[in-house]
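Engineer: Below you will find the structure I want to go over with you.
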Amino acid sequence: MKGPFIVKKYKVGEAAEILDVSVATLQRWDREGKLKAERSATNRRYYTQEQLNEYLGAANSDGRINVIYARVSAAWASDDLAKQENFLLDYCNANGITVGESMSDTGSGLNFNRPEWNQLLQKVEDREVNKIYVTHKDRFVRLGFDWFANFCKRHGSEIMVINNPATSPSQELLDDLVSIINLFSSRLPGLHRYKAEIKNDQELEAADQVVDIDTQQEEKSQKTYAVRKGRQPGIYYSWPEAEKQVNGFPGAEYKSFSREAEALNYLKLDPADLQKEAKQEPEYDKNDYSAVIYTGGACRSTGLRKGGHVQDSDKAAWAYMIEHDGQQLADSAGRLGATNNEMEMTAFLESLKKLEQLGLTQQPLLFVLNSQYVIKSVSDTDQGPAWMKSWKKRDWKTANGKPVANQELWQEIDRELAKFDSSKLKFEWLRSTVSNAGSDFVDNLLIKRMAE
């Protein structure tokens, strides 16, 4: 765990500027208890970095998180992906914004089948996201940005574009334009062939219908789906077939093509690319710990309903795996109608109970998690103390005075954590696009449980 934090303090005027509100608004919030100010020895109001981070960040609305999203069009541009992420992290850190999760994709901005992007939209629908930070509009989507911005707004989220032209390469725009031109130009031969023989308007209308049918049949026969990462990677000639390989598969990678040759080329990566995309273990030495713990949770949402997204019939699951004394100890279970957050929290809680049974509460332990929501709630990070500490001080309420989401579950986790030596607990965040054998093991358990 990290050492003691230096508490940074802000005067009312400074805090108002950071929060983008007036001083009068802050004073009113203080009186109403919405955002209580601290008081100095001379009774002057001030705000701590922790308060501002929490109000702006992941605890803003019942645990909603801020997410940074980055995208590049091809695997060879992974350096640019890192530049986008670093730029956004630097921006958020400089402005006191707590980042709950970092998500990224490799794929065209015209492609709506990007795995991480779709997961992000799902989180928006579930009202788990406060703000999404991107370096440029086209990093989020090439066409229809305003529609998606309104979609997020309707679900209580907002897309924040931090303009950085260097992250929007002109070559990618050119590639996307070529794709659009190729799509429409492929229809021209059939169009000319049929309309050359047409003499009147009635025949012209009929020919249009024939051309549409001919084009649809041609596209259907040529439409190809390449699954690079899924249950069974390969080439598929219908979306239902391809969907079976990627739906519910963590970190699935796939793309549609108009020609089979392009799909095959997508699957043929150079050895250097394969090495670049290979799963990498986070940098830690397992020998320094008595046990390494991997946890995970997931939910398969099926549709909207009043008051939320997850339905009572939706399948959810939690799982953990503990590497200890040369053994792998695992457990998992399924539930109906639970959210991703509930399952991630339950997996963490169940792993703590198992560690207690093993007599490891006072031993050095490493938790490798892909949920920043859990990590920042239970452990101190560079951005500030564990959120749970602040919740407890406010009688399990967030900075805006609302009850903490999943309060009873957090309280049970808090009681269990009290049995451990916190100075010997280490938390590593595993990016969702990067995994290892331990996380793969847990992911497979989740998939198995939700398939039951």
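Convention: chains lettered A, B, ... in structure tokens order; per-chain residue numbering from 1; ligands numbered from 1 as shown.
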What parts of region 70-170 of chain A does DSSP call strand (DSSP E or B)? I'd like the answer as a list in words.

Structural biologist: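 Strand (DSSP E or B) assignments inside region 70-170 of chain A correspond to Ala70, Arg71, Val72, Glu101, Ser102, Met103, Ser104, Asp105, Thr106, Val129, Asn130, Lys131, Ile132, Tyr133, Val134, Glu158, Ile159, Met160 and Val161 of chain A.
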
Engineer: Write out the residues from the selection above, keeping all heavy atoms, as a compact mmCIF listing (two decimals), in the first residue's frame.

Structural biologist:
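After the write, result_30.txt holds the following:
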# COMPACT_ATOMS: atom_id res chain seq x y z
N ALA A 70 -10.06 5.28 -26.31
CA ALA A 70 -9.11 5.52 -27.39
C ALA A 70 -9.32 4.50 -28.49
O ALA A 70 -9.81 3.39 -28.24
CB ALA A 70 -7.67 5.45 -26.86
N ARG A 71 -8.97 4.88 -29.72
CA ARG A 71 -9.15 3.97 -30.85
C ARG A 71 -8.09 4.24 -31.92
O ARG A 71 -7.74 5.40 -32.16
CB ARG A 71 -10.54 4.15 -31.49
CG ARG A 71 -10.80 3.23 -32.68
CD ARG A 71 -12.07 3.60 -33.42
NE ARG A 71 -12.00 4.93 -34.02
CZ ARG A 71 -11.39 5.19 -35.16
NH1 ARG A 71 -10.77 4.25 -35.83
NH2 ARG A 71 -11.37 6.44 -35.63
N VAL A 72 -7.60 3.17 -32.53
CA VAL A 72 -6.77 3.26 -33.73
C VAL A 72 -7.35 2.29 -34.75
O VAL A 72 -8.09 1.36 -34.41
CB VAL A 72 -5.29 2.92 -33.45
CG1 VAL A 72 -4.65 3.98 -32.58
CG2 VAL A 72 -5.15 1.54 -32.81
N GLU A 101 -12.11 3.90 -15.57
CA GLU A 101 -11.76 2.81 -16.47
C GLU A 101 -11.21 3.37 -17.76
O GLU A 101 -11.62 4.45 -18.23
CB GLU A 101 -13.00 1.94 -16.77
CG GLU A 101 -12.69 0.66 -17.53
CD GLU A 101 -13.85 -0.31 -17.58
OE1 GLU A 101 -14.88 -0.03 -16.94
OE2 GLU A 101 -13.72 -1.35 -18.25
N SER A 102 -10.27 2.65 -18.36
CA SER A 102 -9.70 3.00 -19.66
C SER A 102 -10.07 1.91 -20.65
O SER A 102 -9.83 0.73 -20.41
CB SER A 102 -8.18 3.12 -19.56
OG SER A 102 -7.62 3.37 -20.84
N MET A 103 -10.68 2.30 -21.79
CA MET A 103 -11.12 1.34 -22.78
C MET A 103 -10.57 1.74 -24.15
O MET A 103 -10.37 2.93 -24.42
CB MET A 103 -12.66 1.28 -22.83
CG MET A 103 -13.29 1.02 -21.48
SD MET A 103 -15.10 0.90 -21.51
CE MET A 103 -15.33 -0.75 -22.21
N SER A 104 -10.31 0.76 -24.99
CA SER A 104 -9.74 1.06 -26.31
C SER A 104 -10.10 -0.03 -27.29
O SER A 104 -10.42 -1.16 -26.91
CB SER A 104 -8.21 1.20 -26.20
OG SER A 104 -7.63 -0.02 -25.77
N ASP A 105 -10.03 0.32 -28.57
CA ASP A 105 -10.32 -0.62 -29.65
C ASP A 105 -9.33 -0.45 -30.78
O ASP A 105 -8.75 0.63 -30.96
CB ASP A 105 -11.73 -0.39 -30.23
CG ASP A 105 -12.82 -1.03 -29.39
OD1 ASP A 105 -12.73 -2.25 -29.17
OD2 ASP A 105 -13.76 -0.33 -28.98
N THR A 106 -9.15 -1.51 -31.54
CA THR A 106 -8.42 -1.46 -32.80
C THR A 106 -9.41 -1.77 -33.91
O THR A 106 -9.89 -2.89 -34.02
CB THR A 106 -7.27 -2.48 -32.82
OG1 THR A 106 -6.35 -2.18 -31.77
CG2 THR A 106 -6.53 -2.43 -34.16
N VAL A 129 -21.92 5.16 -16.30
CA VAL A 129 -20.88 6.08 -16.79
C VAL A 129 -21.28 7.53 -16.54
O VAL A 129 -22.41 7.93 -16.83
CB VAL A 129 -20.64 5.87 -18.30
CG1 VAL A 129 -19.62 6.88 -18.83
CG2 VAL A 129 -20.16 4.45 -18.56
N ASN A 130 -20.35 8.28 -15.99
CA ASN A 130 -20.56 9.71 -15.78
C ASN A 130 -20.15 10.49 -17.04
O ASN A 130 -20.98 11.06 -17.71
CB ASN A 130 -19.76 10.18 -14.56
CG ASN A 130 -19.90 11.66 -14.31
OD1 ASN A 130 -20.95 12.24 -14.53
ND2 ASN A 130 -18.82 12.29 -13.85
N LYS A 131 -18.85 10.45 -17.38
CA LYS A 131 -18.37 11.14 -18.57
C LYS A 131 -17.38 10.24 -19.32
O LYS A 131 -16.68 9.44 -18.72
CB LYS A 131 -17.70 12.46 -18.21
CG LYS A 131 -18.68 13.51 -17.67
CD LYS A 131 -17.99 14.84 -17.42
CE LYS A 131 -19.00 15.87 -16.91
NZ LYS A 131 -18.36 17.18 -16.64
N ILE A 132 -17.38 10.40 -20.64
CA ILE A 132 -16.45 9.69 -21.52
C ILE A 132 -15.49 10.71 -22.11
O ILE A 132 -15.92 11.70 -22.70
CB ILE A 132 -17.20 8.97 -22.66
CG1 ILE A 132 -18.26 8.01 -22.11
CG2 ILE A 132 -16.23 8.23 -23.57
CD1 ILE A 132 -19.22 7.50 -23.17
N TYR A 133 -14.20 10.47 -21.96
CA TYR A 133 -13.19 11.40 -22.45
C TYR A 133 -12.49 10.81 -23.68
O TYR A 133 -11.98 9.68 -23.63
CB TYR A 133 -12.16 11.71 -21.35
CG TYR A 133 -12.74 12.53 -20.23
CD1 TYR A 133 -13.41 11.92 -19.18
CD2 TYR A 133 -12.65 13.92 -20.23
CE1 TYR A 133 -13.97 12.66 -18.15
CE2 TYR A 133 -13.20 14.68 -19.20
CZ TYR A 133 -13.86 14.05 -18.17
OH TYR A 133 -14.41 14.79 -17.17
N VAL A 134 -12.50 11.57 -24.78
CA VAL A 134 -11.83 11.16 -26.02
C VAL A 134 -10.99 12.32 -26.52
O VAL A 134 -11.26 13.48 -26.20
CB VAL A 134 -12.84 10.74 -27.12
CG1 VAL A 134 -13.62 9.51 -26.70
CG2 VAL A 134 -13.80 11.88 -27.44
N GLU A 158 -22.04 11.98 -20.66
CA GLU A 158 -21.60 13.05 -21.56
C GLU A 158 -20.27 12.67 -22.18
O GLU A 158 -19.40 12.12 -21.51
CB GLU A 158 -21.47 14.37 -20.79
CG GLU A 158 -21.15 15.56 -21.67
CD GLU A 158 -21.08 16.87 -20.90
OE1 GLU A 158 -21.25 16.83 -19.65
OE2 GLU A 158 -20.86 17.91 -21.51
N ILE A 159 -20.12 12.93 -23.48
CA ILE A 159 -18.85 12.69 -24.16
C ILE A 159 -18.06 13.99 -24.16
O ILE A 159 -18.52 15.01 -24.67
CB ILE A 159 -19.07 12.23 -25.62
CG1 ILE A 159 -19.97 10.98 -25.66
CG2 ILE A 159 -17.73 11.92 -26.28
CD1 ILE A 159 -20.30 10.53 -27.08
N MET A 160 -16.88 13.95 -23.57
CA MET A 160 -16.01 15.12 -23.48
C MET A 160 -14.89 14.98 -24.51
O MET A 160 -14.07 14.07 -24.43
CB MET A 160 -15.43 15.24 -22.07
CG MET A 160 -16.47 15.20 -20.95
SD MET A 160 -17.63 16.58 -21.05
CE MET A 160 -16.52 17.95 -20.70
N VAL A 161 -14.87 15.88 -25.49
CA VAL A 161 -13.86 15.84 -26.55
C VAL A 161 -12.74 16.80 -26.19
O VAL A 161 -12.94 18.01 -26.13
CB VAL A 161 -14.47 16.21 -27.92
CG1 VAL A 161 -13.40 16.16 -29.00
CG2 VAL A 161 -15.62 15.26 -28.25

Engineer: Need to verify the contact set: region 357-366 of chain A, 9 Å, only C-alpha atoms, exclusion of same-chain residues closer than 2 positions in sequence. Can you return it as an mmCIF file with N, CA and C atoms, in the first residue's frame?

Structural biologist:
data_model
loop_
_atom_site.group_PDB
_atom_site.id
_atom_site.type_symbol
_atom_site.label_atom_id
_atom_site.label_comp_id
_atom_site.auth_asym_id
_atom_site.auth_seq_id
_atom_site.Cartn_x
_atom_site.Cartn_y
_atom_site.Cartn_z
ATOM 1 N N LYS A 286 5.381 -12.843 -8.762
ATOM 2 C CA LYS A 286 4.479 -13.646 -7.938
ATOM 3 C C LYS A 286 5.171 -14.200 -6.698
ATOM 4 N N ASP A 288 6.825 -12.744 -4.636
ATOM 5 C CA ASP A 288 6.783 -11.803 -3.518
ATOM 6 C C ASP A 288 5.508 -11.942 -2.696
ATOM 7 N N TYR A 289 4.595 -12.808 -3.133
ATOM 8 C CA TYR A 289 3.282 -12.891 -2.486
ATOM 9 C C TYR A 289 2.930 -14.333 -2.126
ATOM 10 N N SER A 290 2.191 -14.487 -1.055
ATOM 11 C CA SER A 290 1.741 -15.823 -0.650
ATOM 12 C C SER A 290 0.649 -16.341 -1.563
ATOM 13 N N ALA A 291 -0.091 -15.415 -2.189
ATOM 14 C CA ALA A 291 -1.159 -15.814 -3.106
ATOM 15 C C ALA A 291 -1.419 -14.687 -4.099
ATOM 16 N N VAL A 292 -1.824 -15.082 -5.306
ATOM 17 C CA VAL A 292 -2.241 -14.123 -6.339
ATOM 18 C C VAL A 292 -3.705 -14.405 -6.643
ATOM 19 N N ILE A 293 -4.517 -13.369 -6.610
ATOM 20 C CA ILE A 293 -5.960 -13.549 -6.724
ATOM 21 C C ILE A 293 -6.484 -12.830 -7.965
ATOM 22 N N TYR A 294 -7.271 -13.549 -8.772
ATOM 23 C CA TYR A 294 -7.941 -12.980 -9.938
ATOM 24 C C TYR A 294 -9.449 -13.064 -9.703
ATOM 25 N N LEU A 352 -12.096 -13.004 -0.691
ATOM 26 C CA LEU A 352 -11.636 -12.650 0.656
ATOM 27 C C LEU A 352 -12.030 -13.735 1.660
ATOM 28 N N LYS A 353 -13.252 -14.233 1.547
ATOM 29 C CA LYS A 353 -13.717 -15.280 2.466
ATOM 30 C C LYS A 353 -12.869 -16.541 2.320
ATOM 31 N N LYS A 354 -12.514 -16.874 1.076
ATOM 32 C CA LYS A 354 -11.693 -18.062 0.847
ATOM 33 C C LYS A 354 -10.288 -17.859 1.412
ATOM 34 N N LEU A 355 -9.746 -16.658 1.235
ATOM 35 C CA LEU A 355 -8.414 -16.366 1.771
ATOM 36 C C LEU A 355 -8.413 -16.464 3.295
ATOM 37 N N VAL A 368 -5.122 -9.117 -8.755
ATOM 38 C CA VAL A 368 -5.033 -8.668 -10.152
ATOM 39 C C VAL A 368 -6.460 -8.572 -10.684
ATOM 40 N N LEU A 417 -12.604 -7.071 4.889
ATOM 41 C CA LEU A 417 -11.269 -6.486 4.712
ATOM 42 C C LEU A 417 -10.630 -6.132 6.049
ATOM 43 N N LYS A 419 -10.325 -7.801 8.527
ATOM 44 C CA LYS A 419 -9.630 -8.967 9.075
ATOM 45 C C LYS A 419 -8.229 -9.127 8.476
ATOM 46 N N PHE A 420 -7.925 -8.333 7.427
ATOM 47 C CA PHE A 420 -6.651 -8.459 6.732
ATOM 48 C C PHE A 420 -5.689 -7.353 7.132
ATOM 49 N N ASP A 421 -4.395 -7.618 6.951
ATOM 50 C CA ASP A 421 -3.361 -6.603 7.154
ATOM 51 C C ASP A 421 -3.295 -5.773 5.875
ATOM 52 N N SER A 422 -3.877 -4.571 5.907
ATOM 53 C CA SER A 422 -3.988 -3.754 4.691
ATOM 54 C C SER A 422 -2.631 -3.379 4.111
ATOM 55 N N SER A 423 -1.600 -3.315 4.960
ATOM 56 C CA SER A 423 -0.266 -2.942 4.464
ATOM 57 C C SER A 423 0.344 -4.023 3.588
ATOM 58 N N LYS A 424 -0.239 -5.228 3.620
ATOM 59 C CA LYS A 424 0.302 -6.346 2.839
ATOM 60 C C LYS A 424 -0.555 -6.688 1.618
ATOM 61 N N LEU A 425 -1.534 -5.831 1.325
ATOM 62 C CA LEU A 425 -2.397 -6.059 0.166
ATOM 63 C C LEU A 425 -1.954 -5.173 -0.986
ATOM 64 N N LYS A 426 -1.752 -5.780 -2.129
ATOM 65 C CA LYS A 426 -1.328 -5.060 -3.324
ATOM 66 C C LYS A 426 -2.381 -5.260 -4.412
ATOM 67 N N PHE A 427 -2.747 -4.166 -5.093
ATOM 68 C CA PHE A 427 -3.752 -4.244 -6.148
ATOM 69 C C PHE A 427 -3.141 -3.819 -7.478
ATOM 70 N N GLU A 428 -3.319 -4.649 -8.498
ATOM 71 C CA GLU A 428 -2.874 -4.343 -9.857
ATOM 72 C C GLU A 428 -4.092 -4.290 -10.764
#

Engineer: I need the helix (DSSP H, G or I) residues of region 320-366 of chain A per DSSP on the backbone, written as an MDAnalysis selection string.

Structural biologist: chainID A and resid 340:357

Engineer: Please provide as a list in words all residues within 10 Å of Ala242 (chain A), with the sequence filter that same-chain residues fewer than 3 positions apart are discarded (counting only C-alpha atoms).

Structural biologist: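 The filter keeps Thr224, Tyr225, Ala226, Val227, Gly230, Arg231, Gln232, Pro233, Gly234, Ile235, Tyr236, Tyr237, Ser238, Trp239, Gln245, Val246, Asn247, Tyr254, Lys255 and Ser256 of chain A.
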
Engineer: Which residue is closest to Arg44 (chain A)? Choose from A:Ile413, A:Glu17, A:Lys376, A:Lys11 and count only C-alpha atoms.

Structural biologist: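 Closest to Arg44 (chain A), using only C-alpha atoms: A:Lys11.
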
Engineer: Work out how far CA of Thr98 (chain A) is from CA of Asp126 (chain A), in Å to one decimal.

Structural biologist: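 Between CA of Asp126 (chain A) and CA of Thr98 (chain A) the gap works out to 19.7 Å.
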
Engineer: Let me make sure I understand: among A:Gly13, A:Glu32, A:Gln51, A:Val141, which one has the smallest atom-to-atom distance to Tyr69 (chain A) if we use only C-alpha atoms?

Structural biologist: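 When distances to Tyr69 (chain A) are compared using only C-alpha atoms, the smallest one comes from A:Val141.
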
Engineer: May I ask for the distance between CA of Cys152 (chain A) and CA of Asn111 (chain A), given in Å to one decimal place?

Structural biologist: 18.6 Å

Engineer: Sorted by chain and rising residue number, list the residues of region 353-385 of chain A at most 12 Å from region 390-405 of chain A (counting only C-alpha atoms), each with its closest atom pair and distance in Å to one decimal, as JSON lines.

Structural biologist:
{"residue": "A:Tyr373", "atom": "CA", "partner": "A:Ala405", "partner_atom": "CA", "distance": 11.8}
{"residue": "A:Lys376", "atom": "CA", "partner": "A:Ser390", "partner_atom": "CA", "distance": 11.6}
{"residue": "A:Ser377", "atom": "CA", "partner": "A:Trp391", "partner_atom": "CA", "distance": 9.3}
{"residue": "A:Val378", "atom": "CA", "partner": "A:Ser390", "partner_atom": "CA", "distance": 10.7}
{"residue": "A:Ser379", "atom": "CA", "partner": "A:Ser390", "partner_atom": "CA", "distance": 11.8}
{"residue": "A:Asp380", "atom": "CA", "partner": "A:Ser390", "partner_atom": "CA", "distance": 11.5}
{"residue": "A:Gly384", "atom": "CA", "partner": "A:Ser390", "partner_atom": "CA", "distance": 10.5}
{"residue": "A:Pro385", "atom": "CA", "partner": "A:Ser390", "partner_atom": "CA", "distance": 8.2}
